[in-house]
Amino acid sequence: MNGPKNPENNVGEVWTLAERREGRLHGVSFELLAWGRELADKKDSPLASVVLGHGVSDEDAASLIRGGADKVYVIDEPQLAQFLPDAYKKSIADLVRKYRPDIFIASATSQGRTIMPTLYAALGTGLTADCTGLDIEPGTGMLIQTRPAIGGNVMAEIRTPDRRPQMCTVRPKSRRPLAPDTARTGQVVRHRPADESLASVLERLSFRGEPSIGLPIQEAEIIVAGGKGMKKARNFRTLEELAGLLGGSVGASRMAVDLGWVPYSAQVGLSGKSVTPRLYIACGISGAVQHLAGMSGAERVIAINQDPEAPIFNSADISIVGDAMDVLPRLITEIKSIKNDRAAGGAVR
Ligand SMILES: Cc1cc2nc3c(=O)[nH]c(=O)nc-3n(C[C@H](O)[C@H](O)[C@H](O)COP(=O)(O)OP(=O)(O)OC[C@H]3O[C@@H](n4cnc5c(N)ncnc54)[C@H](O)[C@@H]3O)c2cc1C
């Protein structure tokens with residue numbers, strides 16, 4: 001992996017915001033480094049990751065360096081043990097004012113979506129939320145921020161010509177992390193923000209996670225997703241059964257969520273989540289562009305739809321034309337029978 005020519009030079013650094021949950025680095029930190037590494041290499045600039053919290057270990061910093069960072073800025077203070085948006089924002093603003101990065105990327109997680117809008121306002125720059133593509137403009141070295149606009153029907157390219165840093169969020173799971181490079185070395189810079197930056201008017205009382213059927217869809221290797229064609233909430237039990245058999249999770253189109261059949265946490269698409277499973281089984285989903293925007297990272301797609309002209313089939317590796325309520329029970333019976341055969345040591349079909 002090629003590092004920058006002058007990693008000591010702060011001018012023009014590309015920064016990513018690492019995230020810690022329950023005292024551990026979250027996977028999005030490494031996805032962001034994959035985005036950042038490409039941008040930094042194109043700009044020939046250092047790539048730095050910023051990590052806040054309390055008890056940030058040397059191993060945390062080392063893993064970010066293995067993941068692609070040339071430098072890690074650590075803000076490790078007891079006041080930052082919990083995610084308190086105002087203290088986090090002020091502490092990061094302190095760091096930005098001191099080291100003046102050129103580009104600053106965060107993940108469009110609840111943390112990133114909370115910090116970045118207040119941070120860009122505090123810094124007097126701009127922010128492009130939910131980017132699906134990032135690039136460096138040849139010649140100017142400026143960040144090109146691409147995101148869907150006008151209901152997902154056009155892709156807008158956005159630049160921040162006059163203000164720095166150029167700030168954006170990218171969707172979780174929009175990039176796979178780089179393979180850890182154990183030979184990579186980097187610098188760790190510890191920063192202590194001003195006391196007033198660490199002060200917070202907030203107190204965390206409790207944390208309530210989103211409900212999900214199986215693993216959260218963004219972490220699932222297999223997703224069985226249903227749309228309006230599933231007809232009613234009760235039919236999602238069939239999807240749950242199939243997902244359970246395959247060790248996967250249940251996803252949904254916005255229609256299914258709007259109809260109240262499944263929680264919003266299951267929604268895949270432009271206004272839901274982006275997912276990157278190995279297998280995505282779309283049942284009774286038409287394949288609107290806004291849905292495809294969230295599932296285009298799936299490695300393999302099986303679509304079940306009774307309309308042979310359904311657009312989802314253009315994105316499918318295997319297309320099954322039929323009534324989902326007929327196809328799914330047959331699929332479940334077949335998988336159960338294969339599993340039983342295997343458990344009994346019988347021939348694998
Ligand atoms: C700004 C914006 C953001 C949006 N964000 C999202 C988003 O994040 N996610 C999202 O999904 N949508 C999103 N949408 C909505 C999107 O445009 C579609 O309306 C939605 O995806 C359609 O959901 P669906 O495929 O379940 O329903 P439909 O389009 O109604 O399709 C139902 C499908 O089921 C099939 N079907 C019917 N009966 C059966 C059966 N018995 N067996 C098999 N197939 C059957 C039909 O042939 C049809 O193809 C957004 C729209 C806008 C404008």
# chains A, B, ... in the order shown; residues from 1 in each chain; ligands from 1
$ residues_near_ligand --ligand "ligand 1" --cutoff "8 Å" --atoms "only C-alpha atoms and all ligand atoms" --output "ChimeraX atom specification"
/A:150-152,226-231,252-256,267-273,283-294,304-308,310-312,321-326
$ residues_around --residues "Val56 (chain A)" --least-positions-apart "3" --cutoff "8 Å" --atoms "only C-alpha atoms" --output "MDAnalysis selection string"
chainID A and resid 23 51:53 60:61 74 76
$ select_by_dssp --residues "region 117-247 of chain A" --states "helix (DSSP H, G or I)" --output "ChimeraX atom specification"
/A:117-123,195-198,217-219,228-230,233-246
$ select_by_dssp --residues "region 108-233 of chain A" --states "strand (DSSP E or B)" --output "short mmCIF file (atom, residue, chain, number, x, y, z; two decimals) with C-alpha atoms, in the first residue's frame"
data_model
loop_
_atom_site.label_atom_id
_atom_site.label_comp_id
_atom_site.auth_asym_id
_atom_site.auth_seq_id
_atom_site.Cartn_x
_atom_site.Cartn_y
_atom_site.Cartn_z
CA GLY A 126 -20.45 22.84 4.36
CA LEU A 127 -21.62 19.23 4.62
CA THR A 128 -22.87 16.71 2.08
CA ALA A 129 -24.83 13.97 3.84
CA ASP A 130 -25.24 10.34 2.75
CA CYS A 131 -22.74 10.30 -0.12
CA GLY A 133 -19.46 8.16 -4.10
CA LEU A 134 -16.37 10.26 -3.36
CA ASP A 135 -13.54 11.24 -5.66
CA ILE A 136 -10.78 13.79 -6.08
CA LEU A 143 -13.44 16.54 -3.13
CA ILE A 144 -16.27 15.50 -5.45
CA GLN A 145 -19.17 14.35 -3.29
CA THR A 146 -21.78 12.27 -5.11
CA ARG A 147 -25.20 11.57 -3.65
CA PRO A 148 -28.68 10.74 -4.93
CA ALA A 149 -30.99 13.73 -5.27
CA VAL A 154 -30.39 11.89 -10.36
CA MET A 155 -26.92 11.64 -8.91
CA ALA A 156 -25.71 15.10 -7.81
CA GLU A 157 -22.01 15.97 -7.73
CA ILE A 158 -21.28 18.47 -4.99
CA GLN A 166 -14.69 19.67 2.92
CA MET A 167 -17.07 17.57 5.01
CA CYS A 168 -19.38 14.69 4.20
CA THR A 169 -20.94 11.53 5.54
CA VAL A 170 -21.02 8.23 3.67
CA GLN A 187 1.95 8.28 14.03
CA VAL A 188 -0.31 8.67 17.07
CA VAL A 189 -1.10 12.23 18.15
CA ARG A 190 -2.81 12.70 21.51
CA ILE A 222 -28.03 -13.17 4.25
CA ILE A 223 -31.13 -10.97 4.01
CA VAL A 224 -34.61 -12.19 3.21
CA ALA A 225 -36.54 -9.04 2.30
CA GLY A 226 -40.24 -8.56 1.71
#
$ residues_around --residues "Phe30 (chain A)" --least-positions-apart "3" --cutoff "6 Å" --atoms "only C-alpha atoms" --output "list in words"
Gly27, Leu33, Gly67 and Pro177 of chain A
$ closest_residue --among "A:Thr160, A:Thr109, A:Ser197, A:Gln79" --to "Thr140 (chain A)" --atoms "only C-alpha atoms"
A:Thr160
$ closest_residue --among "A:Trp261, A:Tyr73, A:Trp35, A:Tyr99" --to "Arg234 (chain A)" --atoms "only C-alpha atoms"
A:Trp261
$ closest_residue --among "A:Thr125, A:Asp195, A:Leu328, A:Val28" --to "Phe236 (chain A)" --atoms "only C-alpha atoms"
A:Leu328
$ closest_residue --among "A:Leu215, A:Ala121, A:Ala266, A:Ala298" --to "Lys89 (chain A)" --atoms "only C-alpha atoms"
A:Ala121
$ atom_distance --atom1 "CA of Glu77 (chain A)" --atom2 "CA of His54 (chain A)"
5.1 Å
$ atom_distance --atom1 "CA of Arg204 (chain A)" --atom2 "CA of Ile75 (chain A)"
19.5 Å
$ residues_around --residues "Leu331 (chain A)" --least-positions-apart "3" --cutoff "12 Å" --atoms "only C-alpha atoms" --output "VMD selection string"
chain A and resid 238 to 239 241 to 243 245 to 246 281 304 320 324 to 328 334 to 338
$ write_last_selection --atoms "N, CA and C atoms" --output "JSON list (two decimals), in the first residue's frame"
[["chain", "number", "residue", "atom", "x", "y", "z"],
["A", 238, "THR", "N", -43.26, -16.01, 7.35],
["A", 238, "THR", "CA", -42.62, -16.95, 6.43],
["A", 238, "THR", "C", -41.20, -16.48, 6.11],
["A", 239, "LEU", "N", -41.06, -15.16, 5.96],
["A", 239, "LEU", "CA", -39.71, -14.61, 5.70],
["A", 239, "LEU", "C", -38.81, -14.82, 6.92],
["A", 241, "GLU", "N", -39.06, -17.22, 9.03],
["A", 241, "GLU", "CA", -38.72, -18.66, 9.10],
["A", 241, "GLU", "C", -37.57, -18.97, 8.14],
["A", 242, "LEU", "N", -37.67, -18.43, 6.92],
["A", 242, "LEU", "CA", -36.62, -18.67, 5.94],
["A", 242, "LEU", "C", -35.30, -18.04, 6.41],
["A", 243, "ALA", "N", -35.39, -16.81, 6.91],
["A", 243, "ALA", "CA", -34.17, -16.13, 7.40],
["A", 243, "ALA", "C", -33.56, -16.94, 8.54],
["A", 245, "LEU", "N", -33.75, -20.17, 9.06],
["A", 245, "LEU", "CA", -33.13, -21.39, 8.53],
["A", 245, "LEU", "C", -31.78, -21.11, 7.90],
["A", 246, "LEU", "N", -31.65, -19.91, 7.29],
["A", 246, "LEU", "CA", -30.42, -19.56, 6.58],
["A", 246, "LEU", "C", -29.43, -18.79, 7.46],
["A", 281, "ILE", "N", -32.44, -12.00, -0.77],
["A", 281, "ILE", "CA", -33.61, -12.63, -1.39],
["A", 281, "ILE", "C", -34.76, -11.63, -1.31],
["A", 304, "ILE", "N", -38.06, -13.02, -6.13],
["A", 304, "ILE", "CA", -39.31, -13.78, -6.33],
["A", 304, "ILE", "C", -40.41, -12.74, -6.56],
["A", 320, "ILE", "N", -37.18, -15.83, -9.96],
["A", 320, "ILE", "CA", -38.26, -16.81, -9.81],
["A", 320, "ILE", "C", -39.58, -16.09, -10.03],
["A", 324, "ALA", "N", -45.13, -15.42, -4.25],
["A", 324, "ALA", "CA", -44.19, -15.62, -3.13],
["A", 324, "ALA", "C", -44.78, -16.55, -2.08],
["A", 325, "MET", "N", -46.10, -16.48, -1.89],
["A", 325, "MET", "CA", -46.73, -17.31, -0.86],
["A", 325, "MET", "C", -46.77, -18.78, -1.26],
["A", 326, "ASP", "N", -46.51, -19.02, -2.54],
["A", 326, "ASP", "CA", -46.42, -20.40, -3.03],
["A", 326, "ASP", "C", -44.95, -20.85, -3.05],
["A", 327, "VAL", "N", -44.08, -19.94, -3.54],
["A", 327, "VAL", "CA", -42.66, -20.29, -3.71],
["A", 327, "VAL", "C", -41.96, -20.45, -2.35],
["A", 328, "LEU", "N", -42.24, -19.52, -1.43],
["A", 328, "LEU", "CA", -41.48, -19.51, -0.16],
["A", 328, "LEU", "C", -41.69, -20.79, 0.66],
["A", 334, "GLU", "N", -37.88, -27.48, 1.17],
["A", 334, "GLU", "CA", -36.68, -28.04, 0.52],
["A", 334, "GLU", "C", -35.44, -27.84, 1.39],
["A", 335, "ILE", "N", -35.29, -26.63, 1.95],
["A", 335, "ILE", "CA", -34.10, -26.36, 2.79],
["A", 335, "ILE", "C", -34.14, -27.23, 4.04],
["A", 336, "LYS", "N", -35.33, -27.37, 4.63],
["A", 336, "LYS", "CA", -35.44, -28.22, 5.83],
["A", 336, "LYS", "C", -35.05, -29.65, 5.50],
["A", 337, "SER", "N", -35.51, -30.11, 4.35],
["A", 337, "SER", "CA", -35.22, -31.50, 3.99],
["A", 337, "SER", "C", -33.71, -31.69, 3.74],
["A", 338, "ILE", "N", -33.06, -30.69, 3.12],
["A", 338, "ILE", "CA", -31.60, -30.78, 2.92],
["A", 338, "ILE", "C", -30.90, -30.81, 4.28]]
